[in-house]
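Colleague: Sharing target_15.tsv below, TSV, C-alpha atoms (C1' of nucleotides):
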chain	number	residue	atom	x	y	z
C	103	MET	CA	33.06	-101.97	35.66
C	104	LEU	CA	29.78	-103.76	35.22
C	105	GLN	CA	30.04	-107.49	34.84
C	106	SER	CA	27.66	-107.34	31.90
C	107	ALA	CA	30.31	-105.46	29.99
C	108	ARG	CA	32.54	-108.50	30.36
C	109	GLY	CA	29.91	-111.04	29.45
C	110	GLY	CA	29.16	-111.70	33.10
C	111	VAL	CA	32.71	-112.82	33.88
C	112	PRO	CA	34.30	-111.11	36.91
C	113	SER	CA	37.62	-109.44	36.21
C	114	SER	CA	39.36	-111.68	38.75
C	115	ARG	CA	38.42	-114.72	36.66
C	116	VAL	CA	39.98	-113.47	33.46
C	117	THR	CA	43.12	-111.82	34.84
C	118	PRO	CA	45.25	-114.20	36.92
C	119	GLY	CA	46.86	-112.64	40.00
C	120	LEU	CA	50.33	-113.65	38.89
C	121	LEU	CA	50.10	-111.01	36.16
C	122	ARG	CA	50.50	-108.33	38.82
C	123	LEU	CA	54.06	-109.52	39.38
C	124	PRO	CA	57.12	-108.13	37.59
C	125	ALA	CA	57.68	-109.85	34.24
C	126	ILE	CA	60.80	-111.60	35.48
C	127	GLU	CA	58.74	-113.30	38.18
C	128	ALA	CA	55.56	-113.85	36.18
C	129	ALA	CA	57.32	-115.37	33.16
C	130	PRO	CA	58.35	-118.74	34.67
C	131	LEU	CA	54.99	-118.98	36.44
C	132	LEU	CA	53.22	-118.70	33.08
C	133	LEU	CA	54.81	-121.92	31.85
C	134	GLY	CA	52.12	-124.61	31.75
C	135	TRP	CA	49.29	-122.06	31.52
C	136	ILE	CA	47.02	-122.37	28.52
C	137	ILE	CA	46.62	-119.57	26.02
C	138	CYS	CA	43.16	-119.67	24.50
C	139	ARG	CA	41.49	-117.82	21.68
C	140	LYS	CA	37.94	-117.92	20.42
C	141	THR	CA	37.57	-117.65	16.67
C	142	PRO	CA	34.59	-118.02	14.37
C	143	ALA	CA	36.00	-121.40	13.34
C	144	GLY	CA	36.34	-122.64	16.93
C	145	THR	CA	38.30	-122.33	20.16
C	146	LEU	CA	42.06	-122.71	20.08
C	147	LYS	CA	44.11	-123.77	23.12
C	148	LEU	CA	47.83	-124.24	23.60
C	149	ARG	CA	50.01	-124.98	26.62
C	150	ILE	CA	52.76	-122.38	27.05
C	151	VAL	CA	56.23	-123.97	27.04
C	152	GLU	CA	58.58	-121.05	26.33
C	153	VAL	CA	58.44	-117.39	27.35
C	154	GLU	CA	60.69	-114.32	27.59
C	155	ALA	CA	60.44	-111.50	30.13
C	156	TYR	CA	60.77	-107.91	28.86
C	157	HIS	CA	61.26	-104.81	31.01
C	158	GLN	CA	62.43	-101.21	30.69
C	159	ASN	CA	66.05	-101.82	31.60
C	160	ASP	CA	67.26	-103.57	28.45
C	161	PRO	CA	67.67	-101.86	25.06
C	162	ALA	CA	66.16	-104.86	23.30
C	163	SER	CA	62.81	-104.14	24.95
C	164	HIS	CA	60.24	-102.01	23.14
C	165	SER	CA	59.63	-100.25	26.47
C	166	TYR	CA	63.30	-99.26	26.84
C	167	ARG	CA	62.84	-95.90	25.15
C	168	GLY	CA	59.67	-95.05	27.00
C	169	GLU	CA	56.04	-95.10	26.03
C	170	THR	CA	56.09	-94.93	22.23
C	171	LYS	CA	52.88	-95.43	20.30
C	172	ARG	CA	53.66	-99.04	19.47
C	173	ALA	CA	54.78	-100.02	22.96
C	174	ALA	CA	52.10	-98.10	24.83
C	175	PRO	CA	50.20	-101.29	25.75
C	176	MET	CA	53.27	-102.48	27.66
C	177	PHE	CA	52.67	-99.64	30.10
C	178	LYS	CA	49.15	-100.72	30.91
C	179	ALA	CA	48.33	-102.90	33.90
C	180	GLY	CA	49.03	-106.61	33.98
C	181	GLY	CA	46.54	-108.69	32.03
C	182	HIS	CA	46.57	-106.56	28.89
C	183	ILE	CA	47.79	-107.85	25.54
C	184	TYR	CA	50.63	-106.41	23.50
C	185	VAL	CA	50.87	-107.52	19.88
C	186	TYR	CA	53.50	-106.19	17.52
C	187	PHE	CA	54.46	-106.73	13.91
C	188	THR	CA	58.06	-107.27	12.87
C	189	TYR	CA	60.34	-108.32	10.04
C	190	GLY	CA	57.61	-107.27	7.65
C	191	MET	CA	55.70	-110.50	8.16
C	192	HIS	CA	55.51	-111.80	11.71
C	193	TYR	CA	53.30	-110.99	14.68
C	194	ALA	CA	54.18	-111.70	18.30
C	195	ILE	CA	51.99	-111.89	21.38
C	196	ASN	CA	52.85	-110.58	24.83
C	197	ILE	CA	51.05	-110.68	28.15
C	198	VAL	CA	51.57	-107.40	30.02
C	199	THR	CA	52.49	-107.85	33.69
C	200	GLY	CA	52.93	-105.70	36.78
C	201	PRO	CA	51.11	-102.52	37.77
C	202	ALA	CA	50.42	-99.83	35.16
C	203	GLY	CA	53.40	-97.73	34.17
C	204	ARG	CA	56.06	-100.42	34.57
C	205	GLY	CA	56.52	-101.23	30.89
C	206	GLU	CA	56.85	-104.97	31.38
C	207	ALA	CA	55.50	-107.91	29.42
C	208	VAL	CA	56.05	-111.60	28.78
C	209	LEU	CA	56.55	-112.69	25.18
C	210	LEU	CA	54.91	-116.00	24.37
C	211	ARG	CA	57.63	-117.84	22.46
C	212	ALA	CA	56.32	-121.38	22.05
C	213	ALA	CA	53.38	-123.56	23.00
C	214	GLU	CA	52.01	-127.08	22.75
C	215	PRO	CA	48.80	-127.33	20.70
C	216	LEU	CA	45.96	-128.85	22.74
C	217	GLU	CA	42.64	-127.94	21.14
C	218	GLY	CA	41.55	-126.71	17.73
C	219	ILE	CA	44.55	-128.37	16.13
C	220	GLU	CA	42.92	-128.69	12.72
C	221	ILE	CA	42.26	-124.97	12.68
C	222	MET	CA	45.82	-124.23	13.69
C	223	GLN	CA	47.13	-126.52	10.97
C	224	GLN	CA	45.05	-124.60	8.48
C	225	ASN	CA	46.26	-121.26	9.85
C	226	ARG	CA	49.88	-122.42	9.56
C	227	GLY	CA	49.61	-124.28	6.30
C	228	LEU	CA	51.31	-127.37	7.71
C	229	THR	CA	50.40	-130.43	9.76
C	230	ASP	CA	53.44	-131.14	11.96
C	231	ILE	CA	52.10	-130.44	15.46
C	232	LYS	CA	55.57	-129.83	16.85
C	233	LYS	CA	56.00	-126.91	14.45
C	234	LEU	CA	52.59	-125.29	14.80
C	235	ALA	CA	53.63	-122.91	17.56
C	236	ALA	CA	57.39	-123.41	18.01
C	237	GLY	CA	58.34	-119.74	17.93
C	238	PRO	CA	56.67	-116.36	18.54
C	239	GLY	CA	55.68	-115.77	14.92
C	240	ARG	CA	54.48	-119.32	14.48
C	241	LEU	CA	52.41	-119.17	17.67
C	242	ALA	CA	50.70	-115.98	16.55
C	243	GLN	CA	50.00	-117.46	13.13
C	244	ALA	CA	48.60	-120.65	14.68
C	245	LEU	CA	46.24	-118.52	16.77
C	246	GLY	CA	45.07	-116.72	13.65
C	247	ILE	CA	46.57	-113.37	14.60
C	248	THR	CA	46.76	-111.42	11.33
C	249	ASP	CA	46.92	-107.86	12.65
C	250	THR	CA	47.64	-105.86	15.81
C	251	SER	CA	44.01	-105.18	16.68
C	252	LEU	CA	44.31	-107.16	19.93
C	253	SER	CA	47.17	-104.96	21.13
C	254	GLY	CA	46.08	-102.91	24.14
C	255	LYS	CA	43.07	-105.09	24.88
C	256	ILE	CA	42.58	-106.86	28.18
C	257	LEU	CA	42.43	-110.63	28.47
C	258	ASN	CA	38.83	-111.63	27.94
C	259	LYS	CA	36.96	-114.92	27.81
C	260	SER	CA	35.25	-113.94	24.60
C	261	SER	CA	38.43	-113.30	22.62
C	262	ILE	CA	41.82	-114.22	24.09
C	263	PHE	CA	42.47	-115.45	27.63
C	264	LEU	CA	44.47	-117.73	29.89
C	265	GLU	CA	43.51	-120.91	31.71
C	266	PRO	CA	45.48	-122.42	34.62
C	267	PRO	CA	47.79	-125.38	34.06
C	268	LEU	CA	46.14	-128.81	33.83
C	269	GLU	CA	48.96	-130.07	36.02
C	270	PRO	CA	51.72	-128.10	37.72
C	271	VAL	CA	55.07	-127.74	35.98
C	272	ASP	CA	57.91	-129.25	37.98
C	273	THR	CA	60.34	-126.50	38.96
C	274	LYS	CA	63.22	-128.80	38.11
C	275	ASP	CA	62.00	-128.87	34.50
C	276	ILE	CA	62.19	-125.09	34.07
C	277	VAL	CA	65.30	-123.72	32.41
C	278	ALA	CA	66.27	-120.04	32.62
C	279	SER	CA	68.75	-118.41	30.26
C	280	PRO	CA	69.69	-114.75	29.89
C	281	ARG	CA	69.31	-113.09	26.49
C	282	ILE	CA	72.54	-111.92	24.98
C	283	GLY	CA	72.71	-108.15	24.87
C	284	ILE	CA	74.86	-105.27	25.97
C	285	SER	CA	77.63	-106.55	28.17
C	286	LYS	CA	77.39	-106.07	31.90
C	287	ASN	CA	73.72	-105.21	31.90
C	288	PRO	CA	72.88	-105.95	35.54
C	289	ASP	CA	69.25	-106.48	34.62
C	290	PRO	CA	69.12	-108.55	31.41
C	291	LEU	CA	66.17	-110.18	29.71
C	292	TRP	CA	65.47	-113.80	30.61
C	293	ARG	CA	64.02	-116.65	28.64
C	294	PHE	CA	62.29	-119.51	30.42
C	295	TYR	CA	61.30	-122.81	28.91
C	296	ILE	CA	60.24	-126.32	29.83
C	297	LYS	CA	63.19	-128.65	29.53
C	298	ASN	CA	63.02	-131.20	26.72
C	299	SER	CA	59.78	-129.86	25.30
C	300	PRO	CA	59.44	-130.98	21.66
C	301	TYR	CA	57.36	-127.90	20.93
C	302	ILE	CA	60.30	-125.50	21.06
C	303	SER	CA	62.34	-124.60	17.98
C	304	ARG	CA	66.03	-125.45	18.37
C	305	VAL	CA	67.19	-122.59	16.14
Z	25	DC	C1'	61.70	-87.45	5.08
Z	26	DA	C1'	65.29	-90.91	4.60
Z	27	DG	C1'	67.55	-94.68	6.70
Z	28	DA	C1'	68.23	-98.53	9.49
Z	29	DA	C1'	66.98	-102.23	12.32
Z	30	DG	C1'	63.99	-105.42	13.71
Z	31	DA	C1'	61.61	-109.74	20.56
Z	32	DT	C1'	61.52	-114.18	12.98
Z	33	DC	C1'	60.93	-117.90	9.76
Z	34	DA	C1'	61.37	-120.84	5.69
Z	35	DT	C1'	64.45	-122.39	2.57
Z	36	DC	C1'	68.78	-123.45	0.62
Z	37	DT	C1'	73.74	-125.21	0.66
M	249	DG	C1'	75.27	-122.08	8.65
M	250	DA	C1'	73.63	-118.40	5.44
M	251	DT	C1'	70.24	-115.76	3.09
M	252	DG	C1'	66.01	-113.52	1.44
M	253	DA	C1'	61.38	-112.07	2.42
M	254	DT	C1'	58.76	-107.79	3.53
M	255	DC	C1'	57.16	-103.48	5.91
M	256	DT	C1'	56.45	-101.09	10.36
M	257	DT	C1'	58.41	-98.23	13.79
M	258	DC	C1'	61.59	-95.23	15.49
M	259	DT	C1'	65.43	-91.97	15.09
M	260	DG	C1'	67.97	-88.20	13.37
M	261	DT	C1'	68.21	-84.37	10.18
Translate this file's structure into structure tokens.

Modeller:
Amino acid sequence: MLQSARGGVPSSRVTPGLLRLPAIEAAPLLLGWIICRKTPAGTLKLRIVEVEAYHQNDPASHSYRGETKRAAPMFKAGGHIYVYFTYGMHYAINIVTGPAGRGEAVLLRAAEPLEGIEIMQQNRGLTDIKKLAAGPGRLAQALGITDTSLSGKILNKSSIFLEPPLEPVDTKDIVASPRIGISKNPDPLWRFYIKNSPYISRV
DNA sequence: CAGAAGATCATCT
DNA sequence: GATGATCTTCTGT
């Protein structure tokens, strides 16, 4: 692809190599990375503090039943975005990982607001910074996601993209916990979060 | 085409 | 801890 089609930004600069890994491996590595979005009102940035890895081998995953219309973006190559709408009112943002066809993605569950906080407060209708993005639906709302038009798009500096951690996350501060599901699933879904982060909902 | 469930959240007791 | 909100997506008939 021509660089001009990406605003002069090489693909390697907008799609981190870790997104070629399976979701279970990419998920904990995404902690500390910064999710960024450019909006007409300004640029929004948040540090990822909680994620969940989805793959084809658990019935709770949208990719479990194959490539449906909604979940099709999950089967694209790592670095694509998967946005879905649920409960009649909430959006959630995923980063697709792995090679095309795997059906894996990492759900962004919570993040620490860093930049564009006033805009996020307006998007959320509240001021408490700890609650701006403490949950998948809240994070999407803070970022101004009001539809699924980003679903299937690739990470891009002009819309939504990732930046590397400002400082590395200490491995000892990462907690992993399996998602409750069908018993004896040898390959469950895993949630990863930064221990003691105040930007994670305790519910 | 009907029915059910949903990768959630705000609010109330 | 319990409940209502609100509507898309998928499944089975």

Colleague: Restricting the calculation to all atoms listed in the file: of C:Gly181, C:Leu146, C:Val305, C:Ile137, which residue gets closest to Glu217 of chain C?

Modeller: C:Leu146

Colleague: Tell me the residues of chain C close to chain M, meaning within 8 Å using only C-alpha atoms (C1' of nucleotides), as a list in words.

Modeller: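 Going by the stated atoms only, the list reads Arg172, Phe187, Thr188, Tyr189, Gly190 and Met191 of chain C.
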
Colleague: Provide as an MDAnalysis selection string the residues of chain Z at most 10 Å from chain C, counting only C-alpha atoms (C1' of nucleotides).

Modeller: chainID Z and resid 29:33

Colleague: What's the separation between atom CA of Asp289 of chain C and atom CA of Val208 of chain C, in Å to one decimal place?

Modeller: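 So the two atoms, atom CA of Asp289 of chain C and atom CA of Val208 of chain C, lie 15.3 Å apart.
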
Colleague: Quick one: distance from atom CA of Ser251 of chain C to atom CA of Phe294 of chain C in Å, one decimal?

Modeller: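 For atom CA of Ser251 of chain C relative to atom CA of Phe294 of chain C, the distance reads 27.0 Å.
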
Colleague: Between atom CA of Asn298 of chain C and atom CA of His182 of chain C, what is the spacing in Å?

Modeller: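 It comes out at 29.7 Å.
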
Colleague: Nearest to Trp135 of chain C among C:Phe177, C:Gly283, C:Trp292, C:Val271, with distances taken over all atoms listed in the file: which residue is it?

Modeller: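 The answer is C:Val271, which sits nearest to Trp135 of chain C.
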
Colleague: Which centre and edge lengths in Å to one decimal define the box along x, y and z that fits every listed atom of segment 198-210 of chain C plus 8 Å per side, as JSON?

Modeller:
{"center_x": 53.6, "center_y": -106.9, "center_z": 31.1, "size_x": 22.4, "size_y": 34.3, "size_z": 29.4}

Colleague: Within 7 Å of (51.7, -104.6, 27.5) in the file's own coordinates, which protein, DNA or RNA residues have an atom, counting all atoms listed in the file? List them as a list of chain:residue names.

Modeller: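 Output of the proximity query reads C:Pro175, C:Met176, C:Phe177, C:Lys178, C:His182, C:Ile183, C:Tyr184, C:Asn196, C:Ile197, C:Val198, C:Gly205, C:Glu206, C:Ala207, C:Gly254.
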
Colleague: With distances taken over all atoms listed in the file, which residue among C:Val185, C:Ala242, C:Ile150, C:Val116 lies nearest Leu131 of chain C?

Modeller: C:Ile150
